[in-house]
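Novice: Enclosed is the structure file data_16.cif (mmCIF, C-alpha atoms).
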data_run
#
loop_
_atom_site.group_PDB
_atom_site.id
_atom_site.type_symbol
_atom_site.label_atom_id
_atom_site.label_comp_id
_atom_site.auth_asym_id
_atom_site.auth_seq_id
_atom_site.Cartn_x
_atom_site.Cartn_y
_atom_site.Cartn_z
ATOM 1 C CA MET U 1 -52.717 9.121 -12.593
ATOM 2 C CA ALA U 2 -52.256 8.743 -16.343
ATOM 3 C CA PHE U 3 -48.865 9.140 -17.957
ATOM 4 C CA GLU U 4 -48.212 12.553 -19.483
ATOM 5 C CA GLU U 5 -45.277 13.686 -21.579
ATOM 6 C CA LYS U 6 -43.298 16.630 -20.214
ATOM 7 C CA LEU U 7 -41.986 19.828 -21.735
ATOM 8 C CA LEU U 8 -38.585 19.673 -23.430
ATOM 9 C CA SER U 9 -36.397 22.692 -24.137
ATOM 10 C CA VAL U 10 -32.815 23.340 -25.164
ATOM 11 C CA ALA U 11 -30.461 25.618 -23.232
ATOM 12 C CA PRO U 12 -27.430 27.094 -25.007
ATOM 13 C CA PRO U 13 -24.370 24.835 -25.115
ATOM 14 C CA VAL U 14 -21.509 25.539 -22.726
ATOM 15 C CA GLU U 15 -17.849 24.599 -22.544
ATOM 16 C CA VAL U 16 -16.933 22.772 -19.335
ATOM 17 C CA ALA U 17 -13.785 20.834 -18.413
ATOM 18 C CA GLY U 18 -12.538 20.872 -21.998
ATOM 19 C CA ARG U 19 -15.833 19.559 -23.411
ATOM 20 C CA ARG U 20 -18.619 21.200 -25.371
ATOM 21 C CA VAL U 21 -21.862 20.346 -23.613
ATOM 22 C CA LYS U 22 -25.312 20.489 -25.195
ATOM 23 C CA ARG U 23 -28.078 20.996 -22.612
ATOM 24 C CA TYR U 24 -31.674 19.808 -22.493
ATOM 25 C CA HIS U 25 -34.279 20.705 -19.857
ATOM 26 C CA VAL U 26 -37.283 18.520 -18.989
ATOM 27 C CA THR U 27 -40.124 19.665 -16.732
ATOM 28 C CA ALA U 28 -43.907 19.700 -16.439
ATOM 29 C CA ASP U 29 -43.762 23.350 -15.332
ATOM 30 C CA PRO U 30 -44.511 25.767 -18.219
ATOM 31 C CA SER U 31 -42.267 28.384 -16.568
ATOM 32 C CA GLY U 32 -39.287 26.029 -16.919
ATOM 33 C CA ILE U 33 -36.681 24.941 -14.421
ATOM 34 C CA ALA U 34 -36.026 27.426 -11.620
ATOM 35 C CA PRO U 35 -32.739 29.297 -12.164
ATOM 36 C CA GLU U 36 -31.394 28.265 -8.737
ATOM 37 C CA VAL U 37 -31.969 24.571 -9.540
ATOM 38 C CA ALA U 38 -30.243 24.908 -12.927
ATOM 39 C CA ALA U 39 -27.321 26.827 -11.391
ATOM 40 C CA ALA U 40 -26.852 24.192 -8.672
ATOM 41 C CA ALA U 41 -27.003 21.365 -11.197
ATOM 42 C CA TYR U 42 -24.546 22.944 -13.617
ATOM 43 C CA ALA U 43 -22.130 23.745 -10.780
ATOM 44 C CA LEU U 44 -21.667 19.971 -10.415
ATOM 45 C CA LEU U 45 -21.234 19.392 -14.145
ATOM 46 C CA PRO U 46 -17.385 19.395 -14.128
ATOM 47 C CA GLU U 47 -17.400 16.462 -11.683
ATOM 48 C CA LEU U 48 -19.694 14.435 -13.946
ATOM 49 C CA LEU U 49 -17.652 14.749 -17.147
ATOM 50 C CA PRO U 50 -14.807 12.406 -18.021
ATOM 51 C CA GLU U 51 -11.570 13.929 -19.227
ATOM 52 C CA PRO U 52 -11.319 14.111 -23.023
ATOM 53 C CA ASP U 53 -9.474 11.039 -24.329
ATOM 54 C CA GLY U 54 -7.470 12.909 -26.962
ATOM 55 C CA THR U 55 -8.952 11.071 -29.953
ATOM 56 C CA THR U 56 -12.725 11.520 -29.599
ATOM 57 C CA PRO U 57 -14.084 15.017 -30.250
ATOM 58 C CA PRO U 58 -14.706 16.390 -26.724
ATOM 59 C CA ALA U 59 -18.498 16.568 -26.687
ATOM 60 C CA SER U 60 -21.181 15.796 -24.145
ATOM 61 C CA PHE U 61 -24.846 16.451 -23.595
ATOM 62 C CA SER U 62 -26.908 16.744 -20.451
ATOM 63 C CA VAL U 63 -30.541 16.359 -19.494
ATOM 64 C CA LEU U 64 -31.666 18.395 -16.492
ATOM 65 C CA HIS U 65 -35.030 17.084 -15.293
ATOM 66 C CA ARG U 66 -37.178 18.688 -12.631
ATOM 67 C CA GLY U 67 -39.498 16.037 -11.263
ATOM 68 C CA GLY U 68 -43.072 16.610 -10.204
ATOM 69 C CA ASP U 69 -42.069 16.266 -6.557
ATOM 70 C CA SER U 70 -38.948 17.580 -4.827
ATOM 71 C CA GLY U 71 -36.533 15.773 -7.148
ATOM 72 C CA ALA U 72 -34.142 17.189 -9.708
ATOM 73 C CA TYR U 73 -31.843 15.093 -11.894
ATOM 74 C CA LEU U 74 -28.827 15.942 -14.027
ATOM 75 C CA ASN U 75 -27.886 13.197 -16.455
ATOM 76 C CA THR U 76 -24.671 13.716 -18.382
ATOM 77 C CA TYR U 77 -23.649 11.723 -21.420
ATOM 78 C CA SER U 78 -20.161 12.114 -22.890
ATOM 79 C CA TRP U 79 -18.765 10.695 -26.091
ATOM 80 C CA VAL U 80 -15.662 8.565 -25.444
ATOM 81 C CA TRP U 81 -13.725 5.895 -27.285
ATOM 82 C CA ASP U 82 -15.029 7.311 -30.589
ATOM 83 C CA ASN U 83 -18.584 5.946 -30.422
ATOM 84 C CA VAL U 84 -19.424 5.101 -26.793
ATOM 85 C CA LEU U 85 -21.517 7.081 -24.308
ATOM 86 C CA HIS U 86 -20.202 7.574 -20.780
ATOM 87 C CA CYS U 87 -23.030 8.350 -18.320
ATOM 88 C CA SER U 88 -22.898 10.123 -14.954
ATOM 89 C CA ILE U 89 -25.903 11.304 -12.980
ATOM 90 C CA ALA U 90 -26.472 13.683 -10.086
ATOM 91 C CA VAL U 91 -29.681 13.962 -8.105
ATOM 92 C CA ALA U 92 -31.141 16.465 -5.635
ATOM 93 C CA GLY U 93 -34.189 16.478 -3.419
ATOM 94 C CA GLN U 94 -34.585 12.692 -3.203
ATOM 95 C CA PRO U 95 -33.535 11.299 0.193
ATOM 96 C CA GLY U 96 -34.436 7.808 -1.068
ATOM 97 C CA LEU U 97 -31.590 8.160 -3.584
ATOM 98 C CA GLY U 98 -28.982 9.337 -1.087
ATOM 99 C CA CYS U 99 -29.749 13.061 -1.037
ATOM 100 C CA PRO U 100 -29.349 14.743 2.353
ATOM 101 C CA ASP U 101 -32.848 16.267 2.185
ATOM 102 C CA GLY U 102 -35.667 17.412 -0.107
ATOM 103 C CA ASP U 103 -33.802 20.503 -1.362
ATOM 104 C CA PRO U 104 -33.753 20.444 -5.209
ATOM 105 C CA THR U 105 -30.542 22.501 -5.248
ATOM 106 C CA ARG U 106 -28.371 20.100 -3.175
ATOM 107 C CA PHE U 107 -27.057 17.737 -5.848
ATOM 108 C CA VAL U 108 -25.093 14.571 -5.112
ATOM 109 C CA ARG U 109 -23.754 11.938 -7.473
ATOM 110 C CA LEU U 110 -26.024 8.980 -8.073
ATOM 111 C CA GLU U 111 -24.025 5.775 -7.834
ATOM 112 C CA ARG U 112 -26.669 3.476 -9.329
ATOM 113 C CA PRO U 113 -26.230 2.028 -12.842
ATOM 114 C CA TRP U 114 -29.187 3.978 -14.234
ATOM 115 C CA ILE U 115 -29.170 5.942 -17.499
ATOM 116 C CA GLY U 116 -32.410 7.924 -17.214
ATOM 117 C CA CYS U 117 -36.166 7.740 -16.896
ATOM 118 C CA VAL U 118 -38.752 7.789 -19.693
ATOM 119 C CA TRP U 119 -38.822 11.609 -19.802
ATOM 120 C CA GLU U 120 -35.009 11.887 -19.915
ATOM 121 C CA LEU U 121 -34.396 9.387 -22.720
ATOM 122 C CA PRO U 122 -35.785 11.118 -25.866
ATOM 123 C CA PRO U 123 -32.624 13.204 -26.461
ATOM 124 C CA LEU U 124 -30.489 10.029 -26.543
ATOM 125 C CA ALA U 125 -31.879 8.805 -29.877
ATOM 126 C CA HIS U 126 -31.401 12.224 -31.441
ATOM 127 C CA GLU U 127 -27.873 12.580 -30.059
ATOM 128 C CA ARG U 128 -26.884 9.153 -31.367
ATOM 129 C CA ASP U 129 -28.030 10.083 -34.869
ATOM 130 C CA ALA U 130 -26.418 13.539 -34.693
ATOM 131 C CA TRP U 131 -23.095 11.975 -33.612
ATOM 132 C CA VAL U 132 -23.172 9.594 -36.570
ATOM 133 C CA ARG U 133 -24.277 12.343 -38.979
ATOM 134 C CA HIS U 134 -21.688 14.959 -37.967
ATOM 135 C CA VAL U 135 -18.768 13.043 -36.447
ATOM 136 C CA LEU U 136 -18.595 9.416 -37.552
ATOM 137 C CA ALA U 137 -19.971 9.456 -41.123
ATOM 138 C CA PRO U 138 -18.133 12.443 -42.663
ATOM 139 C CA ASP U 139 -14.531 12.209 -43.844
ATOM 140 C CA ARG U 140 -13.702 14.828 -41.200
ATOM 141 C CA PRO U 141 -15.652 15.187 -37.950
ATOM 142 C CA ASP U 142 -17.571 18.466 -37.635
ATOM 143 C CA LEU U 143 -17.882 19.185 -33.919
ATOM 144 C CA ASP U 144 -19.472 22.593 -34.532
ATOM 145 C CA ALA U 145 -22.248 20.996 -36.595
ATOM 146 C CA TYR U 146 -22.804 18.366 -33.910
ATOM 147 C CA VAL U 147 -23.083 20.974 -31.151
ATOM 148 C CA ALA U 148 -25.545 23.016 -33.253
ATOM 149 C CA ASP U 149 -27.777 19.968 -33.896
ATOM 150 C CA SER U 150 -30.179 19.566 -30.945
ATOM 151 C CA LEU U 151 -33.534 17.869 -30.584
ATOM 152 C CA ARG U 152 -36.084 20.611 -31.107
ATOM 153 C CA SER U 153 -39.357 19.344 -29.741
ATOM 154 C CA PRO U 154 -41.732 21.031 -27.333
ATOM 155 C CA ARG U 155 -42.433 17.720 -25.559
ATOM 156 C CA THR U 156 -40.497 14.639 -24.503
ATOM 157 C CA GLY U 157 -42.383 12.423 -26.945
ATOM 158 C CA GLY U 158 -45.592 11.729 -28.753
ATOM 159 C CA THR U 159 -48.226 14.305 -29.477
ATOM 160 C CA ARG U 160 -50.349 14.119 -26.318
ATOM 161 C CA ALA U 161 -50.909 17.464 -24.688
#
In structure tokens, write the structure found in this file.
Specialist:
Amino acid sequence: MAFEEKLLSVAPPVEVAGRRVKRYHVTADPSGIAPEVAAAAYALLPELLPEPDGTTPPASFSVLHRGGDSGAYLNTYSWVWDNVLHCSIAVAGQPGLGCPDGDPTRFVRLERPWIGCVWELPPLAHERDAWVRHVLAPDRPDLDAYVADSLRSPRTGGTRA
């Protein structure tokens, strides 16, 4: 089977555990990620976020990916130590990754040193540039501008349909 890019959308940001969290969704399904999968993933979000460090603006972003099989993945990336990304991942529906079964709503933490697959990585480049543009480069960090600046692309990359 040939590689195909997936659909990419942006969900409204939320505030969780003292952090403002930007949210991306990745799926091949034109109807999007099922609400019950998103709800189950975001219920685990507080456990995946580090506590704010008191000096870095408390911001994070997540990528919720619904795989083409039974898998669902929630990757969370949080800004810490001024310019470093902290990564935590939860997975559901993948017994080979420690999930209890194939249920895409039963998320567990992934304890492997992974940061994301090819469909989950496109937001990282954008978020790096947005962090520099709105937080590191200005005389005063603008967290509101950072949170408002999301990757707006209908696909995870390229122009292939």
Novice: Return as a PyMOL selection string the set of residues that the PyMOL selection byres ((chain U and resi 118-124) around 10) yields on the displayed structure.
Specialist: chain U and resi 4-8+23-27+61-65+67+73-75+77+85+115-117+125-130+150-153+155-157
Novice: List the residues selected by the PyMOL selection byres ((chain U and resi 12) around 10) in the file shown, writing them as a PyMOL selection string.
Specialist: chain U and resi 10-11+13-14+21-24+147-148+150
Novice: Go through the shown structure with the PyMOL selection byres ((chain U and resi 38-54) around 6) and write out the matching residues as number ranges by chain.
Specialist: U: 17, 35-37, 55, 58, 88, 105
Novice: Between U:Ile89, U:Val84, U:Ala28, U:Val108, which one has atoms that come closest to U:Pro57, using only C-alpha atoms?
Specialist: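 For U:Pro57, the nearest of the given residues is U:Val84.
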Novice: Fewer than 4 positions away in the same chain doesn't count, so skip those; otherwise give me all residues within 8 Å of stretch 92-100 of chain U, counting all atoms listed in the file, as a PyMOL selection string.
Specialist: chain U and resi 70-73+104-108+110
Novice: To one decimal in Å, tell me the separation between atom CA of U:Arg20 and atom CA of U:Ser60.
Specialist: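 Taking atom CA of U:Arg20 as the start and atom CA of U:Ser60 as the end point, the length is 6.1 Å.
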Novice: Using Å and a single decimal, report how far atom CA of U:Thr56 sits from atom CA of U:Trp79.
Specialist: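 It comes out at 7.0 Å.
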Novice: Take atom CA of U:Ser78 and atom CA of U:Ala137 and report the distance between them in Å, one decimal.
Specialist: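 Atom-to-atom, atom CA of U:Ser78 to atom CA of U:Ala137, that is 18.4 Å.
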Novice: Stretch 42-57 of chain U, all listed atoms, 3 Å padding on each side: what axis-aligned box centre and edge lengths in Å to one decimal come out, as AutoDock Vina command-line options?
Specialist:
--center_x -16.0 --center_y 17.4 --center_z -20.3 --size_x 23.1 --size_y 18.7 --size_z 25.8
Novice: Can you work out which one of U:Ala59, U:Arg66, U:Asp144, U:Ser9 has the shortest atom-to-atom distance to U:Ile33, counting only C-alpha atoms?
Specialist: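 Among U:Ala59, U:Arg66, U:Asp144, U:Ser9, it is U:Arg66 that comes nearest to U:Ile33.
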